[in-house]
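Participant: What follows is target-v2.pdb, PDB, C-alpha atoms.
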```
ATOM      1  CA  MET A   1      -5.957  35.468  -4.854
ATOM      2  CA  ARG A   2      -9.727  35.036  -4.872
ATOM      3  CA  GLN A   3     -11.811  34.078  -1.883
ATOM      4  CA  GLY A   4     -15.469  33.661  -0.991
ATOM      5  CA  GLU A   5     -17.920  35.115  -3.490
ATOM      6  CA  ASP A   6     -15.065  36.126  -5.838
ATOM      7  CA  ILE A   7     -14.279  32.480  -6.674
ATOM      8  CA  ASP A   8     -15.479  31.352 -10.107
ATOM      9  CA  LEU A   9     -13.708  28.231 -11.318
ATOM     10  CA  THR A  10     -16.084  28.035 -14.290
ATOM     11  CA  ALA A  11     -14.115  30.950 -15.778
ATOM     12  CA  PHE A  12     -11.191  28.592 -16.410
ATOM     13  CA  PRO A  13     -11.006  26.116 -19.291
ATOM     14  CA  SER A  14     -12.602  22.865 -18.134
ATOM     15  CA  PRO A  15     -13.180  20.390 -20.948
ATOM     16  CA  LYS A  16     -16.115  18.126 -21.569
ATOM     17  CA  PHE A  17     -14.344  15.519 -23.651
ATOM     18  CA  TRP A  18     -17.139  13.196 -24.799
ATOM     19  CA  PRO A  19     -20.883  13.690 -25.317
ATOM     20  CA  GLY A  20     -21.744  11.330 -22.448
ATOM     21  CA  ASP A  21     -19.471  12.973 -19.878
ATOM     22  CA  GLY A  22     -21.271  13.897 -16.662
ATOM     23  CA  GLY A  23     -19.807  17.398 -16.586
ATOM     24  CA  ARG A  24     -16.730  19.507 -17.183
ATOM     25  CA  TYR A  25     -13.431  18.274 -15.781
ATOM     26  CA  ILE A  26     -11.012  20.888 -14.492
ATOM     27  CA  GLY A  27      -8.812  18.143 -13.049
ATOM     28  CA  THR A  28      -6.914  16.886 -16.072
ATOM     29  CA  GLY A  29      -3.121  17.110 -16.002
ATOM     30  CA  ASN A  30      -3.111  18.317 -12.397
ATOM     31  CA  VAL A  31      -1.852  17.125  -9.012
ATOM     32  CA  THR A  32      -3.628  16.918  -5.679
ATOM     33  CA  PHE A  33      -1.950  17.083  -2.279
ATOM     34  CA  THR A  34      -3.383  15.432   0.827
ATOM     35  CA  ARG A  35      -1.798  14.528   4.162
ATOM     36  CA  ASP A  36      -1.985  11.251   6.053
ATOM     37  CA  PRO A  37      -3.412  12.113   9.493
ATOM     38  CA  GLY A  38      -1.346   9.438  11.253
ATOM     39  CA  SER A  39       2.112   9.799   9.736
ATOM     40  CA  GLY A  40       1.897  13.366   8.411
ATOM     41  CA  ARG A  41       3.178  12.128   5.030
ATOM     42  CA  ILE A  42       2.100  14.327   2.127
ATOM     43  CA  ASN A  43       0.726  12.450  -0.857
ATOM     44  CA  VAL A  44       0.898  13.851  -4.375
ATOM     45  CA  GLY A  45      -1.659  12.189  -6.605
ATOM     46  CA  VAL A  46      -3.381  12.619  -9.938
ATOM     47  CA  TYR A  47      -7.157  12.456  -9.525
ATOM     48  CA  ARG A  48      -9.926  13.516 -11.824
ATOM     49  CA  GLN A  49     -11.955  16.495 -10.682
ATOM     50  CA  MET A  50     -15.341  17.545 -11.990
ATOM     51  CA  LEU A  51     -16.670  21.072 -11.568
ATOM     52  CA  HIS A  52     -19.891  21.236  -9.550
ATOM     53  CA  GLY A  53     -20.246  25.015  -9.567
ATOM     54  CA  PRO A  54     -18.221  28.212  -9.368
ATOM     55  CA  ALA A  55     -16.620  27.270  -6.028
ATOM     56  CA  ARG A  56     -17.089  23.474  -5.864
ATOM     57  CA  VAL A  57     -14.793  20.810  -7.262
ATOM     58  CA  GLY A  58     -15.461  17.097  -6.848
ATOM     59  CA  LEU A  59     -12.505  14.844  -6.060
ATOM     60  CA  TYR A  60     -13.208  11.368  -7.400
ATOM     61  CA  CYS A  61     -12.399   8.791  -4.726
ATOM     62  CA  VAL A  62     -12.481   5.089  -5.464
ATOM     63  CA  ALA A  63     -12.914   2.467  -2.750
ATOM     64  CA  ARG A  64      -9.750   0.527  -1.867
ATOM     65  CA  GLN A  65      -7.425   3.363  -2.873
ATOM     66  CA  ALA A  66      -5.021   5.130  -0.521
ATOM     67  CA  ARG A  67      -6.563   8.573  -1.039
ATOM     68  CA  THR A  68      -9.942   7.233   0.084
ATOM     69  CA  ALA A  69      -8.369   5.678   3.192
ATOM     70  CA  ARG A  70      -6.632   9.001   4.051
ATOM     71  CA  ARG A  71      -9.872  10.931   3.577
ATOM     72  CA  ASP A  72     -11.816   8.440   5.703
ATOM     73  CA  ALA A  73      -9.160   8.576   8.459
ATOM     74  CA  TRP A  74      -9.596  12.359   8.690
ATOM     75  CA  TRP A  75     -13.347  11.948   8.909
ATOM     76  CA  ALA A  76     -13.033   9.251  11.582
ATOM     77  CA  SER A  77     -11.095  11.785  13.656
ATOM     78  CA  GLY A  78     -13.985  14.236  13.274
ATOM     79  CA  LYS A  79     -12.065  16.589  10.975
ATOM     80  CA  PRO A  80     -12.387  17.426   7.261
ATOM     81  CA  CYS A  81      -9.664  16.287   4.868
ATOM     82  CA  GLU A  82      -7.517  19.168   3.612
ATOM     83  CA  VAL A  83      -6.795  19.240  -0.121
ATOM     84  CA  VAL A  84      -4.663  21.323  -2.463
ATOM     85  CA  ALA A  85      -5.303  20.904  -6.190
ATOM     86  CA  ALA A  86      -2.762  22.491  -8.526
ATOM     87  CA  TYR A  87      -3.204  23.067 -12.251
ATOM     88  CA  GLY A  88      -0.683  24.241 -14.858
ATOM     89  CA  ILE A  89       2.200  22.501 -13.121
ATOM     90  CA  ASP A  90       5.653  21.253 -14.013
ATOM     91  CA  PRO A  91       5.175  18.050 -16.062
ATOM     92  CA  VAL A  92       7.672  16.241 -13.828
ATOM     93  CA  LEU A  93       5.412  16.854 -10.826
ATOM     94  CA  PHE A  94       2.496  15.412 -12.803
ATOM     95  CA  MET A  95       4.502  12.324 -13.805
ATOM     96  CA  VAL A  96       5.698  11.702 -10.241
ATOM     97  CA  GLY A  97       2.150  12.183  -8.896
ATOM     98  CA  ALA A  98       0.912   9.479 -11.258
ATOM     99  CA  GLN A  99       3.344   6.895  -9.852
ATOM    100  CA  VAL A 100       2.886   4.540  -6.909
ATOM    101  CA  PHE A 101       5.207   5.005  -3.937
ATOM    102  CA  SER A 102       5.426   3.280  -0.566
ATOM    103  CA  ALA A 103       3.215   4.572   2.234
ATOM    104  CA  GLU A 104       6.330   5.962   3.950
ATOM    105  CA  GLU A 105       7.738   8.003   1.071
ATOM    106  CA  SER A 106       6.327  11.280  -0.216
ATOM    107  CA  GLU A 107       6.373  11.899  -3.946
ATOM    108  CA  ILE A 108       7.653  15.417  -3.248
ATOM    109  CA  ARG A 109      11.049  14.004  -2.235
ATOM    110  CA  CYS A 110      11.344  12.152  -5.556
ATOM    111  CA  CYS A 111      10.364  15.074  -7.743
ATOM    112  CA  ARG A 112      13.627  16.150  -9.396
ATOM    113  CA  ARG A 113      14.711  17.334 -12.804
ATOM    114  CA  PRO A 114      18.269  17.257 -14.163
ATOM    115  CA  ASP A 115      18.493  20.996 -13.396
ATOM    116  CA  GLY A 116      17.121  20.759  -9.827
ATOM    117  CA  PRO A 117      13.885  20.183  -7.921
ATOM    118  CA  ALA A 118      10.643  20.304  -9.906
ATOM    119  CA  GLY A 119       8.408  20.345  -6.887
ATOM    120  CA  ARG A 120       9.458  23.527  -5.051
ATOM    121  CA  ALA A 121       6.604  24.375  -2.735
ATOM    122  CA  GLU A 122       5.308  27.261  -0.651
ATOM    123  CA  ALA A 123       2.898  27.369   2.270
ATOM    124  CA  ALA A 124      -0.794  27.423   1.437
ATOM    125  CA  GLU A 125      -2.978  30.244   2.752
ATOM    126  CA  HIS A 126      -5.934  28.307   4.188
ATOM    127  CA  VAL A 127      -4.794  24.712   4.758
ATOM    128  CA  SER A 128      -1.659  23.159   6.249
ATOM    129  CA  LEU A 129      -0.461  21.678   2.946
ATOM    130  CA  PRO A 130       2.175  22.981   0.539
ATOM    131  CA  ILE A 131       1.364  24.377  -2.886
ATOM    132  CA  PRO A 132       3.570  24.041  -5.981
ATOM    133  CA  ALA A 133       5.379  27.363  -6.268
ATOM    134  CA  HIS A 134       4.996  27.667 -10.045
ATOM    135  CA  ALA A 135       1.450  26.368 -10.539
ATOM    136  CA  GLU A 136      -0.798  28.491 -12.738
ATOM    137  CA  LEU A 137      -3.880  27.885 -10.572
ATOM    138  CA  VAL A 138      -4.238  26.444  -7.060
ATOM    139  CA  VAL A 139      -7.414  25.493  -5.213
ATOM    140  CA  GLU A 140      -7.252  24.981  -1.454
ATOM    141  CA  GLY A 141     -10.212  23.186   0.058
ATOM    142  CA  LEU A 142     -11.749  20.760   2.515
ATOM    143  CA  LEU A 143     -13.498  17.449   1.982
ATOM    144  CA  HIS A 144     -16.324  17.242   4.520
ATOM    145  CA  ALA A 145     -17.889  13.943   5.593
ATOM    146  CA  GLY A 146     -21.199  13.357   3.822
ATOM    147  CA  ASP A 147     -20.789  16.258   1.381
ATOM    148  CA  THR A 148     -21.263  14.505  -1.974
ATOM    149  CA  GLU A 149     -22.407  15.274  -5.499
ATOM    150  CA  MET A 150     -23.111  13.104  -8.535
ATOM    151  CA  GLU A 151     -19.928  12.624 -10.546
ATOM    152  CA  GLY A 152     -19.228  11.132 -13.938
ATOM    153  CA  PRO A 153     -19.133   9.326 -16.036
ATOM    154  CA  LEU A 154     -15.968  10.459 -17.778
ATOM    155  CA  GLY A 155     -15.038   9.024 -21.154
ATOM    156  CA  GLU A 156     -11.545   7.611 -21.086
ATOM    157  CA  PHE A 157      -8.990   8.693 -23.706
ATOM    158  CA  THR A 158     -10.087   5.790 -25.885
ATOM    159  CA  GLY A 159     -13.694   6.987 -25.801
ATOM    160  CA  TYR A 160     -15.155   4.283 -23.557
ATOM    161  CA  TYR A 161     -16.779   4.881 -20.175
ATOM    162  CA  GLY A 162     -15.103   2.893 -17.411
ATOM    163  CA  ASN A 163     -17.616   3.654 -14.671
ATOM    164  CA  VAL A 164     -21.148   4.845 -14.224
ATOM    165  CA  ALA A 165     -22.124   8.056 -12.504
ATOM    166  CA  GLY A 166     -21.434   7.966  -8.772
ATOM    167  CA  ARG A 167     -20.955  10.138  -5.718
ATOM    168  CA  SER A 168     -17.865  12.327  -5.369
ATOM    169  CA  ARG A 169     -16.655  14.412  -2.481
ATOM    170  CA  SER A 170     -16.713  18.115  -3.204
ATOM    171  CA  SER A 171     -14.108  20.483  -1.902
ATOM    172  CA  ARG A 172     -15.308  23.940  -1.013
TER
END
```
Show how you would write the structure in this file as structure tokens.
Facilitator:
Amino acid sequence: MRQGEDIDLTAFPSPKFWPGDGGRYIGTGNVTFTRDPGSGRINVGVYRQMLHGPARVGLYCVARQARTARRDAWWASGKPCEVVAAYGIDPVLFMVGAQVFSAEESEIRCCRRPDGPAGRAEAAEHVSLPIPAHAELVVEGLLHAGDTEMEGPLGEFTGYYGNVAGRSRSSR
């Protein structure tokens, strides 16, 4: 485990897919865990994440999406939003994280393979969220109110750019 000055996420493969991309994206084929501050429900989602430095990852949040509402609810309570990003995960966990579930049901409960659970989790070290037990790389962090960086654009798989550069929330 690396902490503090020993963290260097730029040492890991982070692709820049298209010439017009705003940076390198470590968050491709990953899952991100957040918790709803009201219900305690853990959300597993698939969100793009751009590197902003050796120890900073931007989590792209779009208005009118549940992850943005959860983040904003934490900030309204005066607390940062805890985040766990996991890379090199079981593909079933990725597929479940990309689906839409009701606000009452956690994706973790639906994450099963024919041979058993795909989403076995362990306690994180620095936040109160779980981490996928077999992930190759895990980043634990906090999203602080007002802490933003320029993010994007990111060329979609077809090569077009669906949004212009905007502000993302960086986890540190």
Participant: On this structure, the PyMOL selection byres ((chain A and resi 32) around 8) would catch which residues? List them as a PDB file with C-alpha atoms, keeping the file's coordinate frame, sorted by chain and number.
Facilitator:
```
ATOM      1  CA  ASN A  30      -3.111  18.317 -12.397  1.00  0.00           C
ATOM      2  CA  VAL A  31      -1.852  17.125  -9.012  1.00  0.00           C
ATOM      3  CA  PHE A  33      -1.950  17.083  -2.279  1.00  0.00           C
ATOM      4  CA  THR A  34      -3.383  15.432   0.827  1.00  0.00           C
ATOM      5  CA  ASN A  43       0.726  12.450  -0.857  1.00  0.00           C
ATOM      6  CA  VAL A  44       0.898  13.851  -4.375  1.00  0.00           C
ATOM      7  CA  GLY A  45      -1.659  12.189  -6.605  1.00  0.00           C
ATOM      8  CA  VAL A  46      -3.381  12.619  -9.938  1.00  0.00           C
ATOM      9  CA  TYR A  47      -7.157  12.456  -9.525  1.00  0.00           C
ATOM     10  CA  VAL A  83      -6.795  19.240  -0.121  1.00  0.00           C
ATOM     11  CA  VAL A  84      -4.663  21.323  -2.463  1.00  0.00           C
ATOM     12  CA  ALA A  85      -5.303  20.904  -6.190  1.00  0.00           C
ATOM     13  CA  ALA A  86      -2.762  22.491  -8.526  1.00  0.00           C
TER      14      ALA A  86
END
```
Participant: I want to know what sits within 10 Å of Glu125 in chain A, based on all atoms listed in the file, with residues of the same chain fewer than 5 positions away left out; could you give that as a PyMOL selection string?
Facilitator: chain A and resi 1+130-131+140
Participant: Determine the nearest neighbour of Arg120 in chain A from the options A:Arg48, A:Arg70, A:Arg35, A:His134, counting only C-alpha atoms.
Facilitator: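 Nearest candidate to Arg120 in chain A out of A:Arg48, A:Arg70, A:Arg35, A:His134: A:His134.
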Participant: To one decimal in Å, tell me the separation between CA of Met50 in chain A and CA of Glu105 in chain A.
Facilitator: 28.2 Å
Participant: Between CA of Val100 in chain A and CA of Arg67 in chain A, what is the distance, to one decimal in Å?
Facilitator: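 Computing it gives 11.8 Å between the two atoms.
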Participant: Using only C-alpha atoms, which of A:His126, A:His52, A:Arg2, A:Arg24 sits nearest Leu154 in chain A?
Facilitator: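 When distances to Leu154 in chain A are compared using only C-alpha atoms, the smallest one comes from A:Arg24.
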Participant: Compare A:Gly155, A:Gln3, A:Pro19, A:Met150 by their minimum atom-to-atom distance to Val138 in chain A, counting all atoms listed in the file, and give me the closest one.
Facilitator: A:Gln3
Participant: Please determine, counting all atoms listed in the file, which residue among A:Gly29, A:Phe101, A:Asp36, A:Pro91 has the shortest atom-to-atom distance to Thr68 in chain A.
Facilitator: A:Asp36
Participant: Would you compute the distance between CA of Gln65 in chain A and CA of Glu136 in chain A? Give it in Å to one decimal.
Facilitator: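 Between these atoms lies a distance of 27.8 Å.
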Participant: Near Pro37 in chain A, counting all atoms listed in the file, which residues have an atom at most 12 Å away, once you skip same-chain residues fewer than 5 positions from it, shown as an MDAnalysis selection string?
Facilitator: chainID A and resid 42:43 67 69:82 128:129
Participant: Pick the closest to Tyr60 in chain A from A:Phe94, A:Tyr161, A:Tyr87, A:Tyr25: which is it, counting all atoms listed in the file?
Facilitator: A:Tyr25
Participant: Put a box with edges along x, y and z around all the listed atoms of range 92-96 of chain A, pad it by 3 Å on each side, then give me its centre and sizes in Å, one decimal, as AutoDock Vina command-line options.
Facilitator:
```
--center_x 5.1 --center_y 14.3 --center_z -12.0 --size_x 11.2 --size_y 11.2 --size_z 9.6
```
